[in-house]
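Have a look at the structure below, then the notes.
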Amino acid sequence: MSDRIAIMHDGILDQLGTPTEIYESPATKFVATFIGETNIFDGTVSFVQGDNVQVMIENGFISGIGEDFRFGEYMTVSVRPEKMKFSCSPVDEFGNKREWCIMGIHFVHLVNTEKAKREEVINLCDIVNGLAEGRTSHDEIVMCSIGGMPLDEGDDRRFMAMPAYLGGPFDLMGMKWYGSNMANKEKGLPRSILTVMLNDKDTGAPLCLMSANLLSAYRTGAIPGVGAKYLVRKDATVCGICGPGVMGKTSLAAILATCPGIDTVKVKGRGKASLERFVDYVKEEYPQLKTVEAVETVEDLVRDSDVLSFANTGGTDPSTYPFVKKEWIKPGAVLIGVSCFDMDDEELKECSLVVDNMQLYEAWEEEFPYPSFGANNIIGSKFTDMAHDGIISKEEITDLGDIIFGKKPGRVSEDQIFVYSVGGMPVEDVAWGKICYERAMELGLGVKLRLWDKPDLC
């Protein structure tokens with residue numbers, strides 16, 4: 001056998017190396033598939049810290065060690081079957097298990113298909129499974145009454161401290177500080193003003209203080225997109241948005257990214273001017289859409305929509321929330337509660353109920369006196385109230401993470417209707433905050449603050 005092999009593709013030399021180098025470290029996707037059997041996963045780089053690399057693929061993440069990767073780059077992951085195993089059962093598009101198995105795990109080689117260059121072998125980690133099982137992350141949302149605080153005419157005058165630790169390749173502490181006041185609009189300010197502080201998890205030293213309005217808006221909007229990816233029918237064409245504000249824009253962006261067949265967007269709001277601005281924005285931002293229109297009623301919005309995002313503002317009185325009747329809902333539709341809406345208990349019971357993190361809603365159940373829904377205007381709190389009343393069992397509430405990792409079925413029929421509640425978690429702010437922080441450091445952005453010349457009292 002030759003001690004060196006040359007692999008050519010379309011008249012171009014793709015790689016020259018020993019048989020072992022060709023097999024274990026292919027330089028291109030063509031070389032990876034030319035020699036022996038392999039498993040190919042296409043994805044994008046979702047995290048880079050030093051030589052730690054994480055690639056987002058269709059049903060999860062692959063993490064390991066590599067060099068010269070950049071956030072957002074398109075990647076192909078090649079894994080030899082004899083070197084790989086999965087700890088999560090594979091599922092089809094309806095969440096049903098398929099009978100197949102790949103054995104062994106040793107290494108995986110990343111091929112950058114944009115640069116067509118060879119990269120170092122990386123070792124797979126169990127970060128994804130750890131996150132799924134709650135071993136490497138923890139977050140809290142702390143709310144309390146502050147005596148003497150002046151109230152505005154609305155009921156959204158609040159401060160929230162949202163600390164979190166995120167493990168795996170992030171391995172970071174952080175906190176989002178959230179202040180909100182409906183009256184801010186009269187002062188030309190957004191209703192919510194947010195900041196994120198990142199801290200070294202070992203020393204506690206602050207690493208970065210950043211404005212978090214955009215960060216929070218996009219992370220909150222992204223979570224409906226994740227739900228849409230796993231719950232919405234593949235043939236979805238119509239999206240409804242309730243609330244033409246920031247959350248309406250960011251949740252629409254995420255839904256369109258994960259549901260490419262959508263060609264029609266309907267929006268409902270309260271003010272003519274905000275509706276017109278939203279329609280003009282969507283038409284300009286997404287020229288591929290065939291129809292973008294404002295509608296008058298919640299019924300108009302819901303009927304014929306395949307996926308809906310309720311991103312409207314709301315207070316603590318459920319009687320003022322947009323109310324949805326099941327007879328309006330298209331078979332197979334997905335209703336996403338980024339903010340408040342309501343349904344009849346018995347009609348809601350007939351839908352498949354999904355939340356972004358069940359532990360979050362159980363914490364809210366303890367924090368807010370029964371009934372939680374209203375004090376917390378997220379529809380998932382109505383799920384836990386219904387369980388409290390014996391209308392459903394808590395086992396009928398599904399955590400989206402369990403669907404993603406195949407622990408529970410997702411869509412099992414084309415007519416299945418989902419109601420998906422998005423509460424939002426500080427770990428998401430820490431994750432995106434760290435990515436923004438490291439990108440700012442690369443670009444030389446920001447101002448370096450000095451806490452002290454020499455720390456006193458230590």
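By convention in this document, the chains of the structure tokens carry letters A, B, ... by their order, each chain's residues are numbered from 1, and ligands are numbered from 1 in the order they are shown.
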Skipping near chain neighbours, those fewer than 2 positions away, what residues fall within 9 Å of segment 347-361 of chain A using only C-alpha atoms, listed as a PyMOL selection string? chain A and resi 139-141+223+227+325-326+342-345+363-366+380-381+383-384+386+391-392+396-401+411+416-425
Report as a ChimeraX atom specification all protein, DNA and RNA residues lying within 6 Å of segment 294-306 of chain A, evaluated on only C-alpha atoms, omitting residues in the same chain fewer than 6 positions from it. /A:236,238-240,266-268,328-330,333
If you count only C-alpha atoms, which residues fall within 9 Å of Leu252 of chain A, apart from same-chain ones fewer than 6 positions away, as a PyMOL selection string? chain A and resi 221+224-225+239-241+265+309
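The coordinates place atom CA of Glu21 of chain A at 17.7 Å from atom CA of Thr76 of chain A.
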Contact residues around Cys208 of chain A with only C-alpha atoms at 12 Å, ignoring same-chain residues under 6 positions, as a list of chain:residue names: A:Leu172, A:Met173, A:Gly174, A:Met175, A:Lys176, A:Thr195, A:Val196, A:Met197, A:Leu198, A:Asn199, A:Asp200, A:Val430, A:Gly433, A:Lys434, A:Ile435, A:Cys436, A:Tyr437, A:Glu438, A:Ala440, A:Met441, A:Leu445, A:Gly446, A:Val447, A:Lys448, A:Leu449, A:Arg450, A:Leu451
Atomic separation - atom CA of Arg439 of chain A relative to atom CA of Phe170 of chain A, Å: 14.0 Å
